[in-house]
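Written below as structure tokens is the structure these notes are about.
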Amino acid sequence: MKRLALAVVAACTQHAGSAQQQVPAPEQLTMSELAGDWRWLYRTEERGTSRVEQELWRFDADPQHPFRLTGRYVRTVEVASLDHAVFQCNERPAYRQRAVFDVTADLTGGELVIHETGYQTEPSPCDHGFRHLGVYRAVPDPNRLVLAWSQGAASGSETLWHVGTTTPALLQPPWPATYTPTGPWRWSATSVDATGNIHDEIEWWEISRRSDTELDATYRRRVTVRSPDGRPIACAKAPSWTFDDAYVLSGQREEDHWHFHELAVEPGDHPCLRATPKRTLDEATAEQIGDYLVLEWRGKRHQTLYRPADARGR
């Protein structure tokens with residue numbers, strides 16, 4: 001639910017000492033004066049997380065209806081863990097939700113009434129994809145629109161600021177229409193073992209397509225074990241030690257997911273691994289949700305791979 005935007009935040013965007021602008025009466029405004037780009041931004045912290053919400057709206061005059069605007073806006077919510085703890089939905093310390101809403105705005109009795117008529121959401125394991133369509137009311141103003149809404153027992157408002165007057169094509173979803181599993185993927189995690197040592201794990205995946213229903217994949221897994229107090233670990237004779245494993249996999253398409261089989265492994269070597277030099281090959285089902293690949297290994301082990309920033313949207 002959108003939060004109440006504080007008036008003092010909006011006031012800070014105005015230049016101190018500027019002359020007060022005369023706002024035309026609603027009946028003197030033309031709908032074209034409300035066309036263009038509008039923006040809203042809000043930031044808060046709660047329960048150990050920071051939350052940044054922003055919306056970019058774009059209105060265009062409707063040539064068929066002199067008292068109507070058609071529009072669309074992109075809503076982005078970015079949530080980050082302040083203590084770097086990971087979220088369960090994506091196994092990362094931050095996640096993002098984005099949605100695009102189609103709207104119409106009608107001038108009725110000196111009031112602008114805005115209806116959300118449809119929406120699209122960006123695929124993400126941290127977003128269930130469902131939105132309620134809302135209705136907003138505002139007094140027309142060429143510089144700012146204070147949107148007010150009421151839904152059941154909840155109500156609130158937010159202030160949109162007019163940031164541009166050009167009206168190119170309406171905003172499009174800032175994510176691709178389709179996604180492919182091929183390309184690079186990453187995964188990382190930190191855990192503590194039974195002896196109290198810390199394990200930092202990173203995996204670098206690369207997936208290529210053999211056919212429409214078959215994939216080839218490799219990944220390199222690096223594990224660094226370190227003592228929490230900097231004391232030497234007996235087998236390593238040092239406060240930390242590292243090893244790399246390399247895996248080769250094949251993937252087959254199965255209805256709406258992929259099935260990966262580990263075919264071979266080149267295990268890392270280290271004195272601390274002499275007691276367990278072998279690796280057991282595994283298999284997993286994989287579901288792609290946008291820029292995430294959610295793996296379920298045998299034994300119900302869950303793993304979520306993510307796209308590196310320079311490869312998102314593939």
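Chain identifiers are assigned as A, B, and so on, following the order in which chains appear in the structure tokens; residues are numbered from 1 within each chain, and ligands are numbered from 1 in order of appearance.
By only C-alpha atoms, and with residues fewer than 3 positions from Ala286 in chain A along its chain excluded, the set lying at most 8 Å from it is His257, Trp258, His259, Phe260, Leu293, Val294, Leu295 and Glu296 of chain A.
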How would the residues just chosen look if you wrote them out with N, CA and C atoms as a PDB file, in the first residue's frame?
ATOM      1  N   HIS A 257       9.425 -26.230 -16.651  1.00  0.00           N
ATOM      2  CA  HIS A 257      10.670 -26.077 -15.908  1.00  0.00           C
ATOM      3  C   HIS A 257      11.776 -26.885 -16.589  1.00  0.00           C
ATOM      4  N   TRP A 258      12.985 -26.747 -16.043  1.00  0.00           N
ATOM      5  CA  TRP A 258      14.134 -27.490 -16.542  1.00  0.00           C
ATOM      6  C   TRP A 258      14.583 -28.501 -15.490  1.00  0.00           C
ATOM      7  N   HIS A 259      15.198 -29.593 -15.960  1.00  0.00           N
ATOM      8  CA  HIS A 259      15.746 -30.616 -15.067  1.00  0.00           C
ATOM      9  C   HIS A 259      17.244 -30.734 -15.365  1.00  0.00           C
ATOM     10  N   PHE A 260      18.058 -30.393 -14.364  1.00  0.00           N
ATOM     11  CA  PHE A 260      19.513 -30.430 -14.521  1.00  0.00           C
ATOM     12  C   PHE A 260      20.085 -31.678 -13.865  1.00  0.00           C
ATOM     13  N   LEU A 293      16.799 -17.895 -11.201  1.00  0.00           N
ATOM     14  CA  LEU A 293      16.648 -19.302 -11.530  1.00  0.00           C
ATOM     15  C   LEU A 293      16.559 -20.047 -10.201  1.00  0.00           C
ATOM     16  N   VAL A 294      15.376 -20.561  -9.888  1.00  0.00           N
ATOM     17  CA  VAL A 294      15.116 -21.192  -8.599  1.00  0.00           C
ATOM     18  C   VAL A 294      15.317 -22.699  -8.737  1.00  0.00           C
ATOM     19  N   LEU A 295      16.314 -23.237  -8.019  1.00  0.00           N
ATOM     20  CA  LEU A 295      16.668 -24.650  -8.099  1.00  0.00           C
ATOM     21  C   LEU A 295      16.184 -25.393  -6.855  1.00  0.00           C
ATOM     22  N   GLU A 296      15.644 -26.593  -7.077  1.00  0.00           N
ATOM     23  CA  GLU A 296      15.293 -27.507  -5.998  1.00  0.00           C
ATOM     24  C   GLU A 296      16.093 -28.786  -6.196  1.00  0.00           C
TER      25      GLU A 296
END
Enumerate as a PDB file with N, CA, C and O atoms, in the first residue's frame all residues of range 158-269 of chain A assigned to strand (DSSP E) by DSSP on the backbone, naming them with the chain letters and numbers the document uses.
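Full text of part19.pdb as output:
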ATOM      1  N   GLU A 158      -0.529  11.189  -1.829  1.00  0.00           N
ATOM      2  CA  GLU A 158       0.842  11.380  -2.292  1.00  0.00           C
ATOM      3  C   GLU A 158       0.846  12.549  -3.262  1.00  0.00           C
ATOM      4  O   GLU A 158      -0.173  12.860  -3.883  1.00  0.00           O
ATOM      5  N   THR A 159       2.005  13.211  -3.369  1.00  0.00           N
ATOM      6  CA  THR A 159       2.114  14.394  -4.213  1.00  0.00           C
ATOM      7  C   THR A 159       2.970  14.101  -5.432  1.00  0.00           C
ATOM      8  O   THR A 159       4.142  13.745  -5.309  1.00  0.00           O
ATOM      9  N   LEU A 160       2.377  14.223  -6.612  1.00  0.00           N
ATOM     10  CA  LEU A 160       3.109  14.108  -7.865  1.00  0.00           C
ATOM     11  C   LEU A 160       3.578  15.488  -8.288  1.00  0.00           C
ATOM     12  O   LEU A 160       2.810  16.453  -8.239  1.00  0.00           O
ATOM     13  N   TRP A 161       4.838  15.584  -8.723  1.00  0.00           N
ATOM     14  CA  TRP A 161       5.393  16.849  -9.208  1.00  0.00           C
ATOM     15  C   TRP A 161       5.599  16.769 -10.712  1.00  0.00           C
ATOM     16  O   TRP A 161       6.109  15.776 -11.234  1.00  0.00           O
ATOM     17  N   HIS A 162       5.198  17.838 -11.391  1.00  0.00           N
ATOM     18  CA  HIS A 162       5.305  17.894 -12.853  1.00  0.00           C
ATOM     19  C   HIS A 162       6.771  18.124 -13.218  1.00  0.00           C
ATOM     20  O   HIS A 162       7.335  19.167 -12.915  1.00  0.00           O
ATOM     21  N   VAL A 163       7.406  17.153 -13.878  1.00  0.00           N
ATOM     22  CA  VAL A 163       8.840  17.239 -14.163  1.00  0.00           C
ATOM     23  C   VAL A 163       9.132  17.320 -15.657  1.00  0.00           C
ATOM     24  O   VAL A 163      10.298  17.436 -16.042  1.00  0.00           O
ATOM     25  N   GLY A 164       8.125  17.266 -16.506  1.00  0.00           N
ATOM     26  CA  GLY A 164       8.357  17.368 -17.949  1.00  0.00           C
ATOM     27  C   GLY A 164       7.054  17.555 -18.686  1.00  0.00           C
ATOM     28  O   GLY A 164       6.015  17.027 -18.287  1.00  0.00           O
ATOM     29  N   GLY A 183      23.197 -17.940 -20.598  1.00  0.00           N
ATOM     30  CA  GLY A 183      24.029 -16.841 -20.132  1.00  0.00           C
ATOM     31  C   GLY A 183      24.545 -17.061 -18.721  1.00  0.00           C
ATOM     32  O   GLY A 183      24.460 -18.162 -18.169  1.00  0.00           O
ATOM     33  N   PRO A 184      25.110 -16.011 -18.120  1.00  0.00           N
ATOM     34  CA  PRO A 184      25.719 -16.157 -16.790  1.00  0.00           C
ATOM     35  C   PRO A 184      24.702 -16.051 -15.656  1.00  0.00           C
ATOM     36  O   PRO A 184      23.703 -15.335 -15.757  1.00  0.00           O
ATOM     37  N   TRP A 185      24.988 -16.759 -14.570  1.00  0.00           N
ATOM     38  CA  TRP A 185      24.209 -16.710 -13.333  1.00  0.00           C
ATOM     39  C   TRP A 185      25.179 -16.727 -12.151  1.00  0.00           C
ATOM     40  O   TRP A 185      26.321 -17.174 -12.286  1.00  0.00           O
ATOM     41  N   ARG A 186      24.721 -16.228 -11.015  1.00  0.00           N
ATOM     42  CA  ARG A 186      25.569 -16.176  -9.821  1.00  0.00           C
ATOM     43  C   ARG A 186      24.783 -16.651  -8.603  1.00  0.00           C
ATOM     44  O   ARG A 186      23.539 -16.595  -8.570  1.00  0.00           O
ATOM     45  N   TRP A 187      25.529 -17.078  -7.588  1.00  0.00           N
ATOM     46  CA  TRP A 187      24.936 -17.435  -6.299  1.00  0.00           C
ATOM     47  C   TRP A 187      25.997 -17.253  -5.227  1.00  0.00           C
ATOM     48  O   TRP A 187      27.179 -17.497  -5.462  1.00  0.00           O
ATOM     49  N   SER A 188      25.591 -16.814  -4.060  1.00  0.00           N
ATOM     50  CA  SER A 188      26.527 -16.674  -2.942  1.00  0.00           C
ATOM     51  C   SER A 188      25.774 -16.877  -1.638  1.00  0.00           C
ATOM     52  O   SER A 188      24.564 -16.627  -1.551  1.00  0.00           O
ATOM     53  N   ALA A 189      26.489 -17.342  -0.627  1.00  0.00           N
ATOM     54  CA  ALA A 189      25.883 -17.564   0.685  1.00  0.00           C
ATOM     55  C   ALA A 189      26.976 -17.609   1.737  1.00  0.00           C
ATOM     56  O   ALA A 189      28.141 -17.931   1.448  1.00  0.00           O
ATOM     57  N   THR A 190      26.606 -17.300   2.961  1.00  0.00           N
ATOM     58  CA  THR A 190      27.500 -17.389   4.116  1.00  0.00           C
ATOM     59  C   THR A 190      26.795 -18.178   5.207  1.00  0.00           C
ATOM     60  O   THR A 190      25.619 -17.934   5.500  1.00  0.00           O
ATOM     61  N   SER A 191      27.506 -19.142   5.782  1.00  0.00           N
ATOM     62  CA  SER A 191      26.926 -19.976   6.824  1.00  0.00           C
ATOM     63  C   SER A 191      27.988 -20.286   7.875  1.00  0.00           C
ATOM     64  O   SER A 191      29.178 -19.979   7.698  1.00  0.00           O
ATOM     65  N   VAL A 192      27.575 -20.904   8.966  1.00  0.00           N
ATOM     66  CA  VAL A 192      28.467 -21.285  10.058  1.00  0.00           C
ATOM     67  C   VAL A 192      28.345 -22.792  10.258  1.00  0.00           C
ATOM     68  O   VAL A 192      27.229 -23.328  10.347  1.00  0.00           O
ATOM     69  N   ILE A 198      33.251 -20.064   9.719  1.00  0.00           N
ATOM     70  CA  ILE A 198      32.384 -19.394   8.755  1.00  0.00           C
ATOM     71  C   ILE A 198      32.711 -19.883   7.349  1.00  0.00           C
ATOM     72  O   ILE A 198      33.882 -19.970   6.970  1.00  0.00           O
ATOM     73  N   HIS A 199      31.659 -20.210   6.580  1.00  0.00           N
ATOM     74  CA  HIS A 199      31.827 -20.657   5.197  1.00  0.00           C
ATOM     75  C   HIS A 199      31.260 -19.587   4.259  1.00  0.00           C
ATOM     76  O   HIS A 199      30.067 -19.284   4.303  1.00  0.00           O
ATOM     77  N   ASP A 200      32.096 -19.025   3.406  1.00  0.00           N
ATOM     78  CA  ASP A 200      31.665 -18.107   2.349  1.00  0.00           C
ATOM     79  C   ASP A 200      31.682 -18.877   1.032  1.00  0.00           C
ATOM     80  O   ASP A 200      32.741 -19.362   0.602  1.00  0.00           O
ATOM     81  N   GLU A 201      30.526 -18.991   0.396  1.00  0.00           N
ATOM     82  CA  GLU A 201      30.393 -19.798  -0.817  1.00  0.00           C
ATOM     83  C   GLU A 201      29.939 -18.920  -1.988  1.00  0.00           C
ATOM     84  O   GLU A 201      29.036 -18.091  -1.833  1.00  0.00           O
ATOM     85  N   ILE A 202      30.564 -19.119  -3.143  1.00  0.00           N
ATOM     86  CA  ILE A 202      30.213 -18.399  -4.368  1.00  0.00           C
ATOM     87  C   ILE A 202      30.181 -19.404  -5.511  1.00  0.00           C
ATOM     88  O   ILE A 202      31.037 -20.291  -5.595  1.00  0.00           O
ATOM     89  N   GLU A 203      29.177 -19.248  -6.385  1.00  0.00           N
ATOM     90  CA  GLU A 203      29.110 -20.081  -7.590  1.00  0.00           C
ATOM     91  C   GLU A 203      28.970 -19.199  -8.818  1.00  0.00           C
ATOM     92  O   GLU A 203      28.169 -18.252  -8.824  1.00  0.00           O
ATOM     93  N   TRP A 204      29.729 -19.538  -9.880  1.00  0.00           N
ATOM     94  CA  TRP A 204      29.654 -18.866 -11.173  1.00  0.00           C
ATOM     95  C   TRP A 204      29.099 -19.865 -12.182  1.00  0.00           C
ATOM     96  O   TRP A 204      29.758 -20.851 -12.517  1.00  0.00           O
ATOM     97  N   TRP A 205      27.894 -19.641 -12.662  1.00  0.00           N
ATOM     98  CA  TRP A 205      27.249 -20.528 -13.620  1.00  0.00           C
ATOM     99  C   TRP A 205      27.310 -19.928 -15.027  1.00  0.00           C
ATOM    100  O   TRP A 205      27.261 -18.711 -15.198  1.00  0.00           O
ATOM    101  N   GLU A 206      27.359 -20.813 -16.025  1.00  0.00           N
ATOM    102  CA  GLU A 206      27.243 -20.412 -17.433  1.00  0.00           C
ATOM    103  C   GLU A 206      26.395 -21.476 -18.126  1.00  0.00           C
ATOM    104  O   GLU A 206      26.724 -22.672 -18.093  1.00  0.00           O
ATOM    105  N   ILE A 207      25.296 -21.033 -18.756  1.00  0.00           N
ATOM    106  CA  ILE A 207      24.370 -21.950 -19.402  1.00  0.00           C
ATOM    107  C   ILE A 207      24.282 -21.603 -20.883  1.00  0.00           C
ATOM    108  O   ILE A 207      24.137 -20.429 -21.243  1.00  0.00           O
ATOM    109  N   SER A 208      24.379 -22.608 -21.729  1.00  0.00           N
ATOM    110  CA  SER A 208      24.237 -22.425 -23.174  1.00  0.00           C
ATOM    111  C   SER A 208      23.162 -23.380 -23.689  1.00  0.00           C
ATOM    112  O   SER A 208      22.829 -24.383 -23.043  1.00  0.00           O
ATOM    113  N   ARG A 209      22.627 -23.065 -24.870  1.00  0.00           N
ATOM    114  CA  ARG A 209      21.528 -23.869 -25.427  1.00  0.00           C
ATOM    115  C   ARG A 209      22.065 -24.846 -26.466  1.00  0.00           C
ATOM    116  O   ARG A 209      22.763 -24.456 -27.404  1.00  0.00           O
ATOM    117  N   ARG A 210      21.729 -26.131 -26.282  1.00  0.00           N
ATOM    118  CA  ARG A 210      22.074 -27.145 -27.263  1.00  0.00           C
ATOM    119  C   ARG A 210      20.963 -27.298 -28.287  1.00  0.00           C
ATOM    120  O   ARG A 210      21.213 -27.517 -29.480  1.00  0.00           O
ATOM    121  N   SER A 211      19.716 -27.203 -27.820  1.00  0.00           N
ATOM    122  CA  SER A 211      18.549 -27.255 -28.692  1.00  0.00           C
ATOM    123  C   SER A 211      17.399 -26.569 -27.961  1.00  0.00           C
ATOM    124  O   SER A 211      17.573 -26.040 -26.865  1.00  0.00           O
ATOM    125  N   GLU A 214      17.116 -28.701 -24.790  1.00  0.00           N
ATOM    126  CA  GLU A 214      18.317 -29.180 -24.101  1.00  0.00           C
ATOM    127  C   GLU A 214      19.272 -28.022 -23.815  1.00  0.00           C
ATOM    128  O   GLU A 214      19.454 -27.125 -24.649  1.00  0.00           O
ATOM    129  N   LEU A 215      19.890 -28.068 -22.654  1.00  0.00           N
ATOM    130  CA  LEU A 215      20.860 -27.060 -22.241  1.00  0.00           C
ATOM    131  C   LEU A 215      22.155 -27.735 -21.817  1.00  0.00           C
ATOM    132  O   LEU A 215      22.155 -28.887 -21.370  1.00  0.00           O
ATOM    133  N   ASP A 216      23.253 -27.000 -21.954  1.00  0.00           N
ATOM    134  CA  ASP A 216      24.545 -27.393 -21.393  1.00  0.00           C
ATOM    135  C   ASP A 216      24.917 -26.361 -20.343  1.00  0.00           C
ATOM    136  O   ASP A 216      24.697 -25.159 -20.545  1.00  0.00           O
ATOM    137  N   ALA A 217      25.490 -26.816 -19.232  1.00  0.00           N
ATOM    138  CA  ALA A 217      25.801 -25.888 -18.150  1.00  0.00           C
ATOM    139  C   ALA A 217      27.089 -26.297 -17.450  1.00  0.00           C
ATOM    140  O   ALA A 217      27.449 -27.487 -17.402  1.00  0.00           O
ATOM    141  N   THR A 218      27.774 -25.289 -16.939  1.00  0.00           N
ATOM    142  CA  THR A 218      28.934 -25.505 -16.072  1.00  0.00           C
ATOM    143  C   THR A 218      28.834 -24.528 -14.912  1.00  0.00           C
ATOM    144  O   THR A 218      28.209 -23.464 -15.040  1.00  0.00           O
ATOM    145  N   TYR A 219      29.411 -24.907 -13.795  1.00  0.00           N
ATOM    146  CA  TYR A 219      29.555 -23.925 -12.716  1.00  0.00           C
ATOM    147  C   TYR A 219      30.795 -24.232 -11.890  1.00  0.00           C
ATOM    148  O   TYR A 219      31.203 -25.392 -11.756  1.00  0.00           O
ATOM    149  N   ARG A 220      31.386 -23.162 -11.407  1.00  0.00           N
ATOM    150  CA  ARG A 220      32.554 -23.255 -10.527  1.00  0.00           C
ATOM    151  C   ARG A 220      32.133 -22.794  -9.144  1.00  0.00           C
ATOM    152  O   ARG A 220      31.545 -21.720  -8.986  1.00  0.00           O
ATOM    153  N   ARG A 221      32.413 -23.620  -8.173  1.00  0.00           N
ATOM    154  CA  ARG A 221      32.010 -23.347  -6.797  1.00  0.00           C
ATOM    155  C   ARG A 221      33.262 -23.101  -5.956  1.00  0.00           C
ATOM    156  O   ARG A 221      34.157 -23.947  -5.887  1.00  0.00           O
ATOM    157  N   ARG A 222      33.319 -21.931  -5.329  1.00  0.00           N
ATOM    158  CA  ARG A 222      34.459 -21.591  -4.460  1.00  0.00           C
ATOM    159  C   ARG A 222      33.958 -21.479  -3.023  1.00  0.00           C
ATOM    160  O   ARG A 222      32.985 -20.772  -2.746  1.00  0.00           O
ATOM    161  N   VAL A 223      34.644 -22.174  -2.125  1.00  0.00           N
ATOM    162  CA  VAL A 223      34.299 -22.152  -0.705  1.00  0.00           C
ATOM    163  C   VAL A 223      35.520 -21.676   0.079  1.00  0.00           C
ATOM    164  O   VAL A 223      36.616 -22.230  -0.069  1.00  0.00           O
ATOM    165  N   THR A 224      35.307 -20.653   0.887  1.00  0.00           N
ATOM    166  CA  THR A 224      36.350 -20.159   1.783  1.00  0.00           C
ATOM    167  C   THR A 224      35.891 -20.396   3.218  1.00  0.00           C
ATOM    168  O   THR A 224      34.808 -19.953   3.604  1.00  0.00           O
ATOM    169  N   VAL A 225      36.716 -21.109   3.974  1.00  0.00           N
ATOM    170  CA  VAL A 225      36.418 -21.398   5.376  1.00  0.00           C
ATOM    171  C   VAL A 225      37.334 -20.536   6.226  1.00  0.00           C
ATOM    172  O   VAL A 225      38.554 -20.529   6.023  1.00  0.00           O
ATOM    173  N   ARG A 226      36.759 -19.819   7.182  1.00  0.00           N
ATOM    174  CA  ARG A 226      37.565 -18.931   8.023  1.00  0.00           C
ATOM    175  C   ARG A 226      37.108 -19.010   9.472  1.00  0.00           C
ATOM    176  O   ARG A 226      35.938 -19.243   9.758  1.00  0.00           O
ATOM    177  N   SER A 240      42.306 -19.137   7.523  1.00  0.00           N
ATOM    178  CA  SER A 240      41.313 -19.452   6.498  1.00  0.00           C
ATOM    179  C   SER A 240      41.932 -20.333   5.428  1.00  0.00           C
ATOM    180  O   SER A 240      43.156 -20.411   5.293  1.00  0.00           O
ATOM    181  N   TRP A 241      41.068 -20.978   4.668  1.00  0.00           N
ATOM    182  CA  TRP A 241      41.507 -21.788   3.541  1.00  0.00           C
ATOM    183  C   TRP A 241      40.399 -21.832   2.496  1.00  0.00           C
ATOM    184  O   TRP A 241      39.230 -21.603   2.804  1.00  0.00           O
ATOM    185  N   THR A 242      40.777 -22.113   1.234  1.00  0.00           N
ATOM    186  CA  THR A 242      39.843 -22.025   0.110  1.00  0.00           C
ATOM    187  C   THR A 242      40.031 -23.204  -0.831  1.00  0.00           C
ATOM    188  O   THR A 242      41.148 -23.697  -1.022  1.00  0.00           O
ATOM    189  N   PHE A 243      38.917 -23.653  -1.414  1.00  0.00           N
ATOM    190  CA  PHE A 243      38.992 -24.659  -2.477  1.00  0.00           C
ATOM    191  C   PHE A 243      37.946 -24.366  -3.533  1.00  0.00           C
ATOM    192  O   PHE A 243      36.932 -23.711  -3.262  1.00  0.00           O
ATOM    193  N   ASP A 244      38.189 -24.834  -4.758  1.00  0.00           N
ATOM    194  CA  ASP A 244      37.270 -24.678  -5.882  1.00  0.00           C
ATOM    195  C   ASP A 244      36.869 -26.050  -6.415  1.00  0.00           C
ATOM    196  O   ASP A 244      37.724 -26.927  -6.581  1.00  0.00           O
ATOM    197  N   ASP A 245      35.571 -26.226  -6.689  1.00  0.00           N
ATOM    198  CA  ASP A 245      35.068 -27.390  -7.410  1.00  0.00           C
ATOM    199  C   ASP A 245      34.505 -26.921  -8.742  1.00  0.00           C
ATOM    200  O   ASP A 245      33.925 -25.835  -8.827  1.00  0.00           O
ATOM    201  N   ALA A 246      34.630 -27.748  -9.789  1.00  0.00           N
ATOM    202  CA  ALA A 246      34.081 -27.417 -11.106  1.00  0.00           C
ATOM    203  C   ALA A 246      33.142 -28.533 -11.552  1.00  0.00           C
ATOM    204  O   ALA A 246      33.500 -29.715 -11.474  1.00  0.00           O
ATOM    205  N   TYR A 247      31.939 -28.159 -12.018  1.00  0.00           N
ATOM    206  CA  TYR A 247      30.914 -29.123 -12.384  1.00  0.00           C
ATOM    207  C   TYR A 247      30.477 -28.933 -13.835  1.00  0.00           C
ATOM    208  O   TYR A 247      30.468 -27.813 -14.350  1.00  0.00           O
ATOM    209  N   VAL A 248      30.074 -30.038 -14.473  1.00  0.00           N
ATOM    210  CA  VAL A 248      29.481 -30.038 -15.802  1.00  0.00           C
ATOM    211  C   VAL A 248      28.085 -30.645 -15.675  1.00  0.00           C
ATOM    212  O   VAL A 248      27.905 -31.673 -15.008  1.00  0.00           O
ATOM    213  N   LEU A 249      27.072 -29.993 -16.311  1.00  0.00           N
ATOM    214  CA  LEU A 249      25.689 -30.440 -16.205  1.00  0.00           C
ATOM    215  C   LEU A 249      25.019 -30.473 -17.575  1.00  0.00           C
ATOM    216  O   LEU A 249      25.455 -29.795 -18.515  1.00  0.00           O
ATOM    217  N   SER A 250      23.937 -31.215 -17.650  1.00  0.00           N
ATOM    218  CA  SER A 250      23.041 -31.167 -18.805  1.00  0.00           C
ATOM    219  C   SER A 250      21.655 -30.803 -18.293  1.00  0.00           C
ATOM    220  O   SER A 250      21.297 -31.106 -17.144  1.00  0.00           O
ATOM    221  N   GLY A 251      20.872 -30.140 -19.147  1.00  0.00           N
ATOM    222  CA  GLY A 251      19.523 -29.742 -18.754  1.00  0.00           C
ATOM    223  C   GLY A 251      18.510 -30.138 -19.808  1.00  0.00           C
ATOM    224  O   GLY A 251      18.773 -29.994 -21.010  1.00  0.00           O
ATOM    225  N   GLN A 252      17.357 -30.636 -19.364  1.00  0.00           N
ATOM    226  CA  GLN A 252      16.287 -31.023 -20.276  1.00  0.00           C
ATOM    227  C   GLN A 252      15.009 -30.267 -19.911  1.00  0.00           C
ATOM    228  O   GLN A 252      14.707 -30.073 -18.728  1.00  0.00           O
ATOM    229  N   ARG A 253      14.272 -29.873 -20.947  1.00  0.00           N
ATOM    230  CA  ARG A 253      13.012 -29.182 -20.742  1.00  0.00           C
ATOM    231  C   ARG A 253      11.943 -30.174 -20.301  1.00  0.00           C
ATOM    232  O   ARG A 253      11.765 -31.230 -20.913  1.00  0.00           O
ATOM    233  N   GLU A 254      11.198 -29.831 -19.235  1.00  0.00           N
ATOM    234  CA  GLU A 254      10.110 -30.652 -18.742  1.00  0.00           C
ATOM    235  C   GLU A 254       8.921 -29.745 -18.443  1.00  0.00           C
ATOM    236  O   GLU A 254       8.885 -29.089 -17.401  1.00  0.00           O
ATOM    237  N   HIS A 257       9.425 -26.230 -16.651  1.00  0.00           N
ATOM    238  CA  HIS A 257      10.670 -26.077 -15.908  1.00  0.00           C
ATOM    239  C   HIS A 257      11.776 -26.885 -16.589  1.00  0.00           C
ATOM    240  O   HIS A 257      11.541 -27.586 -17.578  1.00  0.00           O
ATOM    241  N   TRP A 258      12.985 -26.747 -16.043  1.00  0.00           N
ATOM    242  CA  TRP A 258      14.134 -27.490 -16.542  1.00  0.00           C
ATOM    243  C   TRP A 258      14.583 -28.501 -15.490  1.00  0.00           C
ATOM    244  O   TRP A 258      14.393 -28.293 -14.298  1.00  0.00           O
ATOM    245  N   HIS A 259      15.198 -29.593 -15.960  1.00  0.00           N
ATOM    246  CA  HIS A 259      15.746 -30.616 -15.067  1.00  0.00           C
ATOM    247  C   HIS A 259      17.244 -30.734 -15.365  1.00  0.00           C
ATOM    248  O   HIS A 259      17.641 -31.099 -16.471  1.00  0.00           O
ATOM    249  N   PHE A 260      18.058 -30.393 -14.364  1.00  0.00           N
ATOM    250  CA  PHE A 260      19.513 -30.430 -14.521  1.00  0.00           C
ATOM    251  C   PHE A 260      20.085 -31.678 -13.865  1.00  0.00           C
ATOM    252  O   PHE A 260      19.668 -32.062 -12.767  1.00  0.00           O
ATOM    253  N   HIS A 261      21.080 -32.281 -14.535  1.00  0.00           N
ATOM    254  CA  HIS A 261      21.815 -33.435 -13.998  1.00  0.00           C
ATOM    255  C   HIS A 261      23.309 -33.087 -13.995  1.00  0.00           C
ATOM    256  O   HIS A 261      23.854 -32.676 -15.032  1.00  0.00           O
ATOM    257  N   GLU A 262      23.954 -33.224 -12.857  1.00  0.00           N
ATOM    258  CA  GLU A 262      25.409 -33.077 -12.808  1.00  0.00           C
ATOM    259  C   GLU A 262      26.034 -34.328 -13.428  1.00  0.00           C
ATOM    260  O   GLU A 262      25.737 -35.458 -13.010  1.00  0.00           O
ATOM    261  N   LEU A 263      26.894 -34.117 -14.430  1.00  0.00           N
ATOM    262  CA  LEU A 263      27.491 -35.225 -15.163  1.00  0.00           C
ATOM    263  C   LEU A 263      28.890 -35.557 -14.674  1.00  0.00           C
ATOM    264  O   LEU A 263      29.294 -36.731 -14.697  1.00  0.00           O
ATOM    265  N   ALA A 264      29.640 -34.528 -14.277  1.00  0.00           N
ATOM    266  CA  ALA A 264      31.025 -34.751 -13.865  1.00  0.00           C
ATOM    267  C   ALA A 264      31.458 -33.613 -12.952  1.00  0.00           C
ATOM    268  O   ALA A 264      30.892 -32.520 -12.990  1.00  0.00           O
ATOM    269  N   VAL A 265      32.482 -33.879 -12.157  1.00  0.00           N
ATOM    270  CA  VAL A 265      33.002 -32.870 -11.249  1.00  0.00           C
ATOM    271  C   VAL A 265      34.516 -33.010 -11.149  1.00  0.00           C
ATOM    272  O   VAL A 265      35.057 -34.116 -11.173  1.00  0.00           O
ATOM    273  N   GLU A 266      35.174 -31.885 -11.095  1.00  0.00           N
ATOM    274  CA  GLU A 266      36.604 -31.841 -10.807  1.00  0.00           C
ATOM    275  C   GLU A 266      36.752 -31.217  -9.414  1.00  0.00           C
ATOM    276  O   GLU A 266      36.670 -29.998  -9.266  1.00  0.00           O
TER     277      GLU A 266
END
Which of A:Glu255, A:Met31, A:Arg131, A:Arg75 sits closest to Pro63 in chain A [using only C-alpha atoms]: A:Met31
7 Å contact set for range 89-92 of chain A, only C-alpha atoms, chain neighbours under 3 positions out, as a PyMOL selection string: chain A and resi 86+125-126+304
